[in-house]
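Student: Dropping in structure_32.cif, with mmCIF, C-alpha atoms.
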data_coords
loop_
_atom_site.label_atom_id
_atom_site.label_comp_id
_atom_site.auth_asym_id
_atom_site.auth_seq_id
_atom_site.Cartn_x
_atom_site.Cartn_y
_atom_site.Cartn_z
CA MET A 5 -7.30 -26.35 46.87
CA VAL A 6 -6.71 -22.64 46.46
CA THR A 7 -7.20 -22.73 42.74
CA TRP A 8 -10.88 -23.64 43.00
CA LYS A 9 -11.60 -20.26 44.37
CA SER A 10 -10.82 -18.42 41.21
CA TRP A 11 -12.67 -21.03 39.17
CA ILE A 12 -15.77 -20.35 41.17
CA GLY A 13 -15.27 -16.72 40.33
CA ALA A 14 -15.17 -17.62 36.69
CA ALA A 15 -18.36 -19.57 37.01
CA MET A 16 -20.06 -16.62 38.61
CA VAL A 17 -18.81 -14.38 35.85
CA LEU A 18 -20.32 -16.72 33.32
CA ALA A 19 -23.63 -16.91 35.10
CA THR A 20 -23.88 -13.17 35.70
CA MET A 21 -22.90 -12.20 32.25
CA THR A 22 -25.33 -14.64 30.75
CA ALA A 23 -28.16 -12.90 32.50
CA SER A 24 -27.13 -9.40 31.51
CA ALA A 25 -26.21 -10.29 27.97
CA ALA A 26 -29.56 -11.94 27.41
CA SER A 27 -31.43 -8.79 28.22
CA SER A 28 -29.38 -6.26 26.30
CA GLN A 29 -27.96 -8.02 23.32
CA PRO A 30 -28.26 -6.35 19.93
CA ALA A 31 -28.70 -8.79 17.09
CA ASP A 32 -25.30 -8.70 15.48
CA GLN A 33 -22.50 -11.14 16.16
CA PRO A 34 -24.31 -13.42 18.59
CA VAL A 35 -26.90 -14.18 15.96
CA ASP A 36 -24.21 -15.65 13.80
CA THR A 37 -22.87 -17.64 16.67
CA ALA A 38 -26.30 -18.91 17.60
CA LYS A 39 -26.69 -19.94 14.01
CA ALA A 40 -23.34 -21.70 14.18
CA MET A 41 -24.49 -23.60 17.24
CA LEU A 42 -27.59 -24.72 15.41
CA ASP A 43 -25.59 -25.67 12.35
CA ARG A 44 -23.36 -27.83 14.43
CA MET A 45 -25.73 -29.35 16.90
CA ASP A 46 -29.28 -29.35 15.62
CA ARG A 47 -29.48 -32.80 14.17
CA ASN A 48 -33.21 -32.98 13.56
CA MET A 49 -33.36 -29.46 12.14
CA ASP A 50 -36.14 -28.27 14.39
CA GLY A 51 -34.39 -25.01 15.23
CA LYS A 52 -33.73 -26.09 18.79
CA ILE A 53 -30.96 -27.93 20.55
CA SER A 54 -32.02 -30.81 22.72
CA PHE A 55 -29.85 -32.06 25.53
CA GLU A 56 -29.17 -35.17 23.49
CA GLU A 57 -27.91 -33.07 20.60
CA TYR A 58 -25.83 -30.94 22.91
CA ARG A 59 -24.38 -33.95 24.70
CA ASN A 60 -23.42 -35.74 21.51
CA ALA A 61 -21.76 -32.67 20.07
CA MET A 62 -19.85 -31.94 23.24
CA VAL A 63 -18.69 -35.49 23.90
CA ARG A 64 -17.52 -35.81 20.34
CA ARG A 65 -15.56 -32.63 20.70
CA PHE A 66 -13.93 -33.78 23.86
CA GLY A 67 -12.89 -36.93 22.02
CA ALA A 68 -11.52 -34.92 19.15
CA ARG A 69 -9.41 -32.92 21.54
CA ASP A 70 -8.15 -35.84 23.54
CA VAL A 71 -5.47 -36.86 21.09
CA ASN A 72 -3.58 -39.15 23.47
CA ASP A 73 -6.76 -40.89 24.57
CA ASP A 74 -6.21 -40.60 28.29
CA GLY A 75 -9.51 -39.00 29.18
CA VAL A 76 -7.88 -35.75 30.25
CA LEU A 77 -7.45 -32.57 28.29
CA GLU A 78 -4.29 -30.85 29.35
CA GLY A 79 -1.28 -29.20 27.84
CA ASN A 80 -1.69 -28.74 24.12
CA GLU A 81 -4.97 -30.56 24.13
CA PHE A 82 -6.51 -28.00 26.39
CA PRO A 83 -7.49 -25.00 24.31
CA LYS A 84 -6.33 -21.82 25.92
CA GLU A 85 -9.44 -20.01 24.84
CA TRP A 86 -11.46 -22.13 27.20
CA LEU A 87 -9.98 -20.05 29.93
CA ALA A 88 -11.46 -16.87 28.54
CA GLY A 89 -12.92 -14.92 31.36
CA ALA A 90 -11.36 -17.11 34.00
CA ASP A 91 -8.53 -16.22 36.28
CA VAL A 92 -5.84 -17.91 34.26
CA GLN A 93 -3.40 -17.97 37.14
CA GLY A 94 -5.76 -19.96 39.27
CA ALA A 95 -7.12 -22.13 36.51
CA THR A 96 -5.64 -25.55 36.13
CA GLY A 97 -5.86 -25.70 32.37
CA LYS A 98 -6.97 -29.25 32.72
CA VAL A 99 -10.28 -31.00 32.57
CA THR A 100 -11.07 -34.68 32.95
CA PHE A 101 -13.68 -36.51 30.91
CA GLU A 102 -15.59 -37.16 34.10
CA GLN A 103 -15.74 -33.51 35.10
CA PHE A 104 -16.70 -32.63 31.58
CA THR A 105 -19.56 -35.08 31.33
CA VAL A 106 -20.90 -34.45 34.80
CA GLU A 107 -21.21 -30.78 34.02
CA LEU A 108 -22.90 -31.11 30.67
CA GLN A 109 -26.36 -31.35 32.15
CA ILE A 110 -25.69 -28.58 34.64
CA VAL A 111 -24.51 -26.15 32.01
CA PHE A 112 -27.31 -27.08 29.66
CA ASP A 113 -29.88 -26.59 32.39
CA ARG A 114 -28.49 -23.19 33.18
CA PHE A 115 -29.33 -21.98 29.71
CA ASP A 116 -32.55 -23.96 29.42
CA VAL A 117 -34.46 -21.26 31.22
CA ASP A 118 -37.94 -22.69 30.70
CA LYS A 119 -36.75 -26.20 31.60
CA ASP A 120 -38.30 -27.93 28.64
CA GLY A 121 -35.17 -29.87 27.79
CA GLN A 122 -34.55 -27.85 24.65
CA LEU A 123 -32.61 -24.71 23.95
CA ASP A 124 -34.88 -22.61 21.80
CA ALA A 125 -33.86 -19.64 19.73
CA ALA A 126 -33.75 -17.14 22.58
CA GLU A 127 -31.91 -19.53 24.86
CA ILE A 128 -29.37 -20.33 22.19
CA GLU A 129 -28.78 -16.64 21.68
CA ALA A 130 -28.28 -16.18 25.38
CA PHE A 131 -25.74 -18.98 25.30
CA ALA A 132 -24.02 -17.46 22.33
CA ALA A 133 -24.06 -14.04 23.93
CA ALA A 134 -22.52 -15.45 27.09
CA ARG A 135 -19.79 -16.94 25.01
CA LYS A 136 -19.15 -13.68 23.28
CA THR A 137 -19.00 -11.80 26.54
CA GLN A 138 -16.66 -14.39 27.94
CA GLU A 139 -14.47 -14.13 24.89
CA GLU A 140 -14.29 -10.40 25.11
CA SER A 141 -13.31 -10.50 28.74
CA ARG A 142 -10.18 -12.38 27.78
CA SER A 143 -7.14 -10.20 27.68
CA MET B 18 -45.56 -41.10 73.11
CA SER B 19 -48.26 -38.75 71.94
CA ARG B 20 -50.30 -39.70 68.97
CA SER B 21 -49.05 -36.82 66.88
CA LYS B 22 -45.47 -37.60 67.73
CA MET B 23 -46.01 -41.18 66.72
CA LEU B 24 -47.57 -40.12 63.47
CA ALA B 25 -44.64 -37.88 62.80
CA THR B 26 -42.25 -40.69 63.51
CA LEU B 27 -44.15 -43.04 61.27
CA SER B 28 -44.22 -40.61 58.42
CA LEU B 29 -40.54 -40.01 58.87
CA VAL B 30 -39.96 -43.73 58.60
CA GLY B 31 -42.14 -43.73 55.53
CA LEU B 32 -40.09 -40.97 54.01
CA LEU B 33 -36.89 -42.82 54.75
CA MET B 34 -38.26 -45.92 53.11
CA LEU B 35 -39.21 -43.91 50.08
CA ALA B 36 -35.76 -42.46 49.97
CA ALA B 37 -34.28 -45.93 50.22
CA THR B 38 -36.41 -47.09 47.32
CA ALA B 39 -35.40 -44.16 45.22
CA ALA B 40 -31.78 -44.80 46.04
CA GLN B 41 -31.95 -48.27 44.59
CA ALA B 42 -31.22 -46.87 41.20
CA SER B 43 -28.23 -48.58 39.75
CA THR B 44 -25.87 -47.75 36.98
CA ILE B 45 -25.06 -50.12 34.19
CA THR B 46 -22.57 -49.66 31.41
CA CYS B 47 -23.55 -50.95 28.02
CA GLU B 48 -21.24 -50.71 25.06
CA SER B 49 -21.33 -51.44 21.40
CA ARG B 50 -18.00 -52.84 20.33
CA ASN B 51 -16.81 -52.93 16.74
CA ASN B 52 -19.91 -50.94 15.92
CA SER B 53 -22.03 -53.95 16.60
CA TYR B 54 -25.29 -54.39 18.40
CA GLN B 55 -25.10 -55.22 22.08
CA SER B 56 -27.85 -56.10 24.47
CA CYS B 57 -27.48 -55.68 28.23
CA PRO B 58 -30.01 -57.60 30.29
CA VAL B 59 -31.52 -55.56 33.11
CA ASP B 60 -34.96 -54.95 34.54
CA THR B 61 -36.02 -51.61 33.14
CA GLY B 62 -39.38 -51.49 34.89
CA ASN B 63 -38.62 -48.24 36.65
CA GLY B 64 -37.18 -46.41 33.70
CA VAL B 65 -33.84 -45.88 32.10
CA ARG B 66 -31.84 -42.72 31.73
CA LEU B 67 -28.62 -42.32 29.85
CA SER B 68 -26.56 -40.79 32.62
CA ARG B 69 -23.20 -40.55 30.96
CA GLN B 70 -22.18 -40.96 27.36
CA LEU B 71 -18.74 -42.52 27.05
CA SER B 72 -18.35 -42.73 23.30
CA SER B 73 -17.72 -40.03 20.79
CA GLN B 74 -19.79 -42.08 18.43
CA GLY B 75 -23.36 -41.00 18.79
CA CYS B 76 -25.79 -42.19 21.40
CA TRP B 77 -29.24 -41.35 20.08
CA GLN B 78 -32.26 -42.81 21.76
CA ASN B 79 -34.26 -45.21 19.61
CA ASP B 80 -31.55 -45.04 17.03
CA THR B 81 -28.28 -46.19 18.56
CA TRP B 82 -29.63 -47.05 21.97
CA GLY B 83 -32.89 -48.01 23.49
CA TYR B 84 -34.51 -50.34 25.93
CA ASP B 85 -37.41 -52.62 26.45
CA ARG B 86 -38.65 -54.50 29.46
CA ASN B 87 -35.65 -56.65 30.17
CA ARG B 88 -32.71 -55.05 28.51
CA ILE B 89 -30.90 -52.02 27.27
CA TRP B 90 -29.42 -52.19 23.81
CA VAL B 91 -26.73 -50.12 22.14
CA ASP B 92 -25.50 -50.11 18.59
CA ARG B 93 -23.09 -48.47 16.18
CA GLY B 94 -20.42 -47.54 18.65
CA CYS B 95 -22.60 -46.02 21.34
CA ARG B 96 -21.20 -46.63 24.80
CA ALA B 97 -22.78 -45.17 27.87
CA GLU B 98 -23.66 -45.53 31.48
CA PHE B 99 -27.34 -45.90 32.14
CA GLU B 100 -29.17 -45.21 35.32
CA VAL B 101 -31.81 -47.83 35.87
CA GLY B 102 -34.71 -47.61 38.28
CA ALA B 103 -34.26 -44.02 39.27
CA GLN B 104 -37.85 -43.18 38.38
CA ASN B 105 -37.11 -39.54 38.04
CA SER B 106 -34.59 -37.89 35.84
CA SER B 107 -32.73 -35.75 38.31
CA SER B 108 -29.08 -36.24 37.71
CA ALA B 109 -27.00 -37.87 40.35
CA SER B 110 -24.52 -35.42 41.68
CA ALA B 111 -21.88 -37.17 43.64
CA THR B 112 -19.46 -34.43 42.78
CA SER B 113 -18.74 -31.93 45.47
CA ALA B 114 -20.29 -28.56 45.00
CA THR B 115 -16.95 -26.89 44.65
CA SER B 116 -15.62 -28.99 41.84
CA ALA B 117 -19.01 -28.93 40.19
CA VAL B 118 -18.99 -25.18 39.99
CA ALA B 119 -15.41 -25.19 38.90
CA ALA B 120 -15.97 -27.63 36.13
CA ALA B 121 -19.16 -25.90 35.11
CA ALA B 122 -17.07 -22.89 34.33
CA VAL B 123 -14.82 -25.00 32.19
CA VAL B 124 -17.61 -26.66 30.29
CA GLY B 125 -19.48 -23.44 29.79
CA LEU B 126 -16.37 -21.96 28.38
CA ALA B 127 -15.68 -25.08 26.44
CA ALA B 128 -19.00 -24.98 24.71
CA ALA B 129 -18.50 -21.37 23.96
CA ALA B 130 -14.96 -21.62 22.77
CA ILE B 131 -15.63 -24.57 20.58
CA ILE B 132 -17.98 -22.49 18.57
CA ALA B 133 -15.44 -19.74 18.35
CA SER B 134 -12.64 -22.04 17.35
CA ASN B 135 -14.18 -23.57 14.29
CA LYS B 136 -12.28 -21.26 12.03
CA ASN B 137 -9.09 -23.02 13.02
CA ASP B 138 -10.29 -26.43 12.06
CA ASP B 139 -7.96 -27.06 9.21
CA HIS B 140 -4.86 -27.13 11.35
CA HIS B 141 -5.69 -30.51 12.74
CA LYS B 142 -8.11 -31.91 10.33
CA ASN B 143 -6.03 -34.47 8.56
CA LYS B 144 -4.12 -35.74 11.48
CA HIS B 145 -5.46 -39.25 11.61
CA ASN B 146 -6.69 -39.62 8.12
CA ASN B 147 -4.75 -42.71 7.30
CA SER B 148 -5.36 -44.75 10.35
CA TYR B 149 -8.96 -45.64 9.97
CA ASN B 150 -9.66 -49.32 9.79
CA ASP B 151 -11.41 -50.87 6.90
CA ASN B 152 -14.31 -51.99 8.93
CA TYR B 153 -17.01 -51.79 6.35
CA ASN B 154 -15.25 -53.39 3.46
CA ASN B 155 -12.76 -55.86 4.71
CA PRO B 156 -13.48 -58.30 7.47
CA TYR B 157 -9.81 -59.12 7.85
CA SER B 158 -8.61 -55.65 8.45
CA ASN B 159 -9.63 -55.36 12.05
CA SER B 160 -6.53 -56.74 13.68
CA TYR B 161 -5.08 -53.37 14.49
CA TYR B 162 -8.45 -52.27 15.66
CA ASP B 163 -8.75 -55.21 18.00
CA ARG B 164 -5.27 -54.94 19.31
CA TYR B 165 -5.77 -51.33 19.98
CA TYR B 166 -9.09 -51.98 21.53
CA ASP B 167 -7.75 -54.56 23.91
CA SER B 168 -4.76 -52.62 25.05
CA HIS B 169 -6.52 -49.44 25.99
CA ASP B 170 -9.29 -48.22 28.09
CA ASP B 171 -11.63 -47.77 25.20
CA ARG B 172 -13.77 -44.99 26.50
CA TYR B 173 -12.41 -42.44 24.13
CA TYR B 174 -11.69 -44.68 21.25
CA ALA B 175 -14.24 -43.76 18.72
CA ASN B 176 -13.26 -40.34 17.74
CA THR B 177 -9.66 -40.07 18.61
CA ARG B 178 -7.57 -42.72 16.99
CA TYR B 179 -9.61 -43.44 13.94
CA GLY B 180 -12.26 -40.88 13.80
CA TYR B 181 -10.49 -37.68 14.56
CA ASN B 182 -12.79 -35.07 13.31
CA GLY B 183 -11.05 -31.78 13.46
CA TYR B 184 -10.12 -29.09 15.82
CA GLY B 185 -13.50 -27.65 16.56
CA GLY B 186 -15.48 -30.83 16.29
CA ASP B 187 -16.49 -30.41 12.71
CA PRO B 188 -17.31 -33.62 10.99
CA ARG B 189 -14.55 -34.71 8.73
CA ARG B 190 -16.80 -34.87 5.69
CA THR B 191 -20.48 -34.60 5.10
CA PHE B 192 -22.57 -35.71 2.17
CA SER B 193 -26.26 -35.89 1.55
CA CYS B 194 -28.35 -38.79 0.47
CA GLU B 195 -32.06 -38.69 -0.28
CA SER B 196 -34.73 -41.23 -0.84
CA ARG B 197 -37.19 -39.73 -3.32
CA ASN B 198 -40.70 -41.04 -3.70
CA ASP B 199 -39.83 -43.45 -0.93
CA ARG B 200 -37.49 -45.26 -3.27
CA ARG B 201 -34.18 -46.72 -2.32
CA ASN B 202 -31.15 -44.71 -3.25
CA TYR B 203 -27.43 -45.29 -2.87
CA CYS B 204 -24.80 -42.64 -2.27
CA ASP B 205 -21.04 -43.01 -2.19
CA ILE B 206 -19.34 -42.52 1.12
CA PRO B 207 -16.58 -40.02 0.38
CA LYS B 208 -14.14 -41.32 2.94
CA ARG B 209 -13.74 -44.29 5.15
CA GLY B 210 -15.06 -43.80 8.59
CA HIS B 211 -17.91 -44.09 10.95
CA VAL B 212 -21.04 -42.79 9.28
CA GLU B 213 -23.73 -41.01 11.21
CA VAL B 214 -26.76 -38.96 10.42
CA TYR B 215 -25.61 -35.40 10.80
CA LYS B 216 -28.79 -33.58 9.82
CA GLN B 217 -32.04 -35.26 9.10
CA ARG B 218 -33.84 -33.20 6.49
CA SER B 219 -36.93 -35.31 6.03
CA ALA B 220 -39.97 -35.58 8.18
CA SER B 221 -39.76 -39.33 7.66
CA PRO B 222 -37.41 -40.79 10.21
CA CYS B 223 -33.92 -41.87 9.25
CA THR B 224 -33.45 -44.96 11.34
CA TYR B 225 -30.41 -47.09 10.88
CA GLY B 226 -31.17 -50.52 9.53
CA ARG B 227 -34.67 -49.48 8.54
CA SER B 228 -34.55 -46.42 6.40
CA TRP B 229 -30.81 -46.08 5.97
CA GLY B 230 -27.74 -48.20 6.27
CA VAL B 231 -24.21 -48.78 5.14
CA ASP B 232 -23.36 -51.22 2.40
CA GLY B 233 -19.72 -51.35 1.42
CA ASN B 234 -18.72 -47.91 0.26
CA SER B 235 -22.27 -46.69 0.01
CA VAL B 236 -24.98 -45.40 2.20
CA TRP B 237 -28.47 -46.44 1.21
CA VAL B 238 -31.63 -44.62 2.10
CA LYS B 239 -35.27 -45.49 1.55
CA ASP B 240 -38.77 -44.73 2.81
CA GLY B 241 -38.30 -41.01 2.38
CA CYS B 242 -35.25 -40.62 4.57
CA ARG B 243 -33.33 -37.55 3.46
CA ALA B 244 -30.29 -36.58 5.43
CA GLU B 245 -26.89 -35.11 5.50
CA PHE B 246 -24.50 -37.76 6.74
CA ALA B 247 -21.14 -37.25 8.35
CA VAL B 248 -18.12 -39.48 8.12
CA TYR B 249 -16.02 -39.20 11.24
#
Let me see the structure of the file written as structure tokens.
Tutor:
Amino acid sequence: MVTWKSWIGAAMVLATMTASAASSQPADQPVDTAKAMLDRMDRNMDGKISFEEYRNAMVRRFGARDVNDDGVLEGNEFPKEWLAGADVQGATGKVTFEQFTVELQIVFDRFDVDKDGQLDAAEIEAFAAARKTQEESRS
Amino acid sequence: MSRSKMLATLSLVGLLMLAATAAQASTITCESRNNSYQSCPVDTGNGVRLSRQLSSQGCWQNDTWGYDRNRIWVDRGCRAEFEVGAQNSSSASATSATSAVAAAAVVGLAAAAIIASNKNDDHHKNKHNNSYNDNYNNPYSNSYYDRYYDSHDDRYYANTRYGYNGYGGDPRRTFSCESRNDRRNYCDIPKRGHVEVYKQRSASPCTYGRSWGVDGNSVWVKDGCRAEFAVY
């Protein structure tokens, strides 16, 4: 499918920008966002986000979005801001529960730089910074 | 055949056999229905890994799921696929590389955007407020629940129809409950819904059925469990 091509581009954008943002991020907005991630996901209050915490938060959010219960987010259920930084023309604006869950580990691992199964403070900030960069690239 | 060639062949066969053994991992789905405890008999000798969570209701190891020698158990609405006998924890990736990358972009963005979107929560927050079943209080009120359950693929049940929790995934309502001096304490549940530990604030574990539980409209805690609970 032609559309995949631009999605791959988006993935690369995410990956690249994560790396650069992590090295040159002043501690302003992303700190708040990192804090928000912890507030929402850190169930045992240890200042880190385990994969289990991440997975539970994300799966719950998918469920909250999937109002018609069909296991697919599309149309109004699919938040437009998820396409931030992606080539919107090529993007499908649709994600299935299966795609979503399969990728949870992959995305988590990408930010879990030291591979200890936890996102620590620096890793969470890198995640938050990547989000911010992605957001800003939306136009 | 030269000796070295034979050795190479043998070791190749050995490798293949190893690969075959590793590939014997199987996937089993185990689901807690009506929030109740469910045990799924399986030989867990070679390890268990939760490979895919299907329920919005939490799957927390040693809290709402676990395993021992001959079974996997789930509780309190946790539904998941478990990989049994894989021996290592590398995730199975049947997905093609292309779609994996594509979806990774989506999920990465999703995670990001969810955080950004929490300011908009109120738009959707009360959508399903009135549809929650009376599970904890009234044993006769489950008919709609059951009907619904039977007529749908239930994978996404927990948090959509009855437990809708807001636009950005915020819990519908949180409240705290603390056991002081290890004594039992009761706290009112502010709304009907599925109750989960949202933040555990104590060093002592908050384990359902042991140090906390639900009793009618109350949550009880004991043995030093202090936590913020969420009603979804």
Student: For Tyr54 in chain B, please output as a list in words all residues within 10 Å (counting all atoms listed in the file; exclusion window: fewer than 3 positions along the same chain).
Tutor: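 With the cut-off at 10 Å, the set is Glu48, Ser49, Arg50, Asn51, Thr81, Trp82, Trp90, Val91, Asp92, Arg93, Gly94 and Cys95 of chain B.
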Student: Step by step, work through what the PyMOL selection byres ((chain A) within 6 of (chain B)) selects in the shown file, and finish by giving those residues as a PDB file with C-alpha atoms, keeping the file's coordinate frame.
Tutor:
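What landed in part37.pdb:
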ATOM      1  CA  TRP A  11     -12.670 -21.030  39.170  1.00  0.00           C
ATOM      2  CA  ILE A  12     -15.770 -20.350  41.170  1.00  0.00           C
ATOM      3  CA  ALA A  15     -18.360 -19.570  37.010  1.00  0.00           C
ATOM      4  CA  ARG A  47     -29.480 -32.800  14.170  1.00  0.00           C
ATOM      5  CA  ASN A  48     -33.210 -32.980  13.560  1.00  0.00           C
ATOM      6  CA  ASN A  60     -23.420 -35.740  21.510  1.00  0.00           C
ATOM      7  CA  VAL A  63     -18.690 -35.490  23.900  1.00  0.00           C
ATOM      8  CA  ARG A  64     -17.520 -35.810  20.340  1.00  0.00           C
ATOM      9  CA  ARG A  65     -15.560 -32.630  20.700  1.00  0.00           C
ATOM     10  CA  GLY A  67     -12.890 -36.930  22.020  1.00  0.00           C
ATOM     11  CA  ALA A  68     -11.520 -34.920  19.150  1.00  0.00           C
ATOM     12  CA  VAL A  71      -5.470 -36.860  21.090  1.00  0.00           C
ATOM     13  CA  ASP A  73      -6.760 -40.890  24.570  1.00  0.00           C
ATOM     14  CA  TRP A  86     -11.460 -22.130  27.200  1.00  0.00           C
ATOM     15  CA  GLN A 103     -15.740 -33.510  35.100  1.00  0.00           C
ATOM     16  CA  GLU A 107     -21.210 -30.780  34.020  1.00  0.00           C
ATOM     17  CA  ARG A 135     -19.790 -16.940  25.010  1.00  0.00           C
TER      18      ARG A 135
END
Student: Run the PyMOL selection byres ((chain A and resi 120-126) around 10) against the file shown and list the residues it catches, as JSON, numbers by chain.
Tutor: {"A": [26, 35, 38, 39, 42, 50, 51, 52, 53, 54, 55, 56, 57, 58, 109, 112, 113, 115, 116, 117, 118, 119, 127, 128, 129, 130, 131, 132]}
Student: For CA of Ile110 in chain A and CA of Asp80 in chain B, quote the distance in Å rounded to one decimal.
Tutor: 24.8 Å
Student: What does the structure give for the distance between CA of Val111 in chain A and CA of Thr137 in chain A, in Å to one decimal?
Tutor: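 Between CA of Val111 in chain A and CA of Thr137 in chain A the gap works out to 16.3 Å.
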Student: Can you pull out every residue within 10 Å of Phe99 in chain B, counting only C-alpha atoms, but drop anything in the same chain fewer than 5 positions away, and send it as a list in words?
Tutor: Ala42, Ser43, Thr44, Ile45, Thr46, Cys47, Gly64, Val65, Arg66, Leu67, Ser68, Arg69, Gln70 and Ile89 of chain B
Student: Hey, can you check how far CA of Val248 in chain B sits from CA of Gly210 in chain B?
Tutor: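 Atom-to-atom, CA of Val248 in chain B to CA of Gly210 in chain B, that is 5.3 Å.
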Student: To test your reading of the syntax: which residues would the PyMOL selection byres ((chain B and resi 58) around 8) return for the file shown? Reply as a list of chain:residue names.
Tutor: B:Ser56, B:Cys57, B:Val59, B:Asp60, B:Asn87, B:Arg88, B:Ile89
Student: Using C-alpha atoms, can you write the selected residues to a file as a PDB file, in the frame of the given file?
Tutor:
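Writing done, so here's result04.pdb:
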ATOM      1  CA  SER B  56     -27.850 -56.100  24.470  1.00  0.00           C
ATOM      2  CA  CYS B  57     -27.480 -55.680  28.230  1.00  0.00           C
ATOM      3  CA  VAL B  59     -31.520 -55.560  33.110  1.00  0.00           C
ATOM      4  CA  ASP B  60     -34.960 -54.950  34.540  1.00  0.00           C
ATOM      5  CA  ASN B  87     -35.650 -56.650  30.170  1.00  0.00           C
ATOM      6  CA  ARG B  88     -32.710 -55.050  28.510  1.00  0.00           C
ATOM      7  CA  ILE B  89     -30.900 -52.020  27.270  1.00  0.00           C
TER       8      ILE B  89
END
Student: When distances are computed from only C-alpha atoms, which of A:Leu108, A:Lys136, A:Asp43, A:Phe101 shows the smallest separation from Arg69 in chain A?
Tutor: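 Selected residue with least distance to Arg69 in chain A: A:Phe101.
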Student: Excluding range 198-200 of chain B and residues on its chain fewer than 4 positions from it, collect all residues at most 10 Å away from it, counting only C-alpha atoms, and give them as a CSV table (one decimal) with C-alpha atoms, in the coordinates of the input.
Tutor:
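After the write, result.csv holds the following:
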chain,number,residue,atom,x,y,z
B,221,SER,CA,-39.8,-39.3,7.7
B,228,SER,CA,-34.6,-46.4,6.4
B,238,VAL,CA,-31.6,-44.6,2.1
B,239,LYS,CA,-35.3,-45.5,1.6
B,240,ASP,CA,-38.8,-44.7,2.8
B,241,GLY,CA,-38.3,-41.0,2.4
B,242,CYS,CA,-35.2,-40.6,4.6
B,243,ARG,CA,-33.3,-37.6,3.5
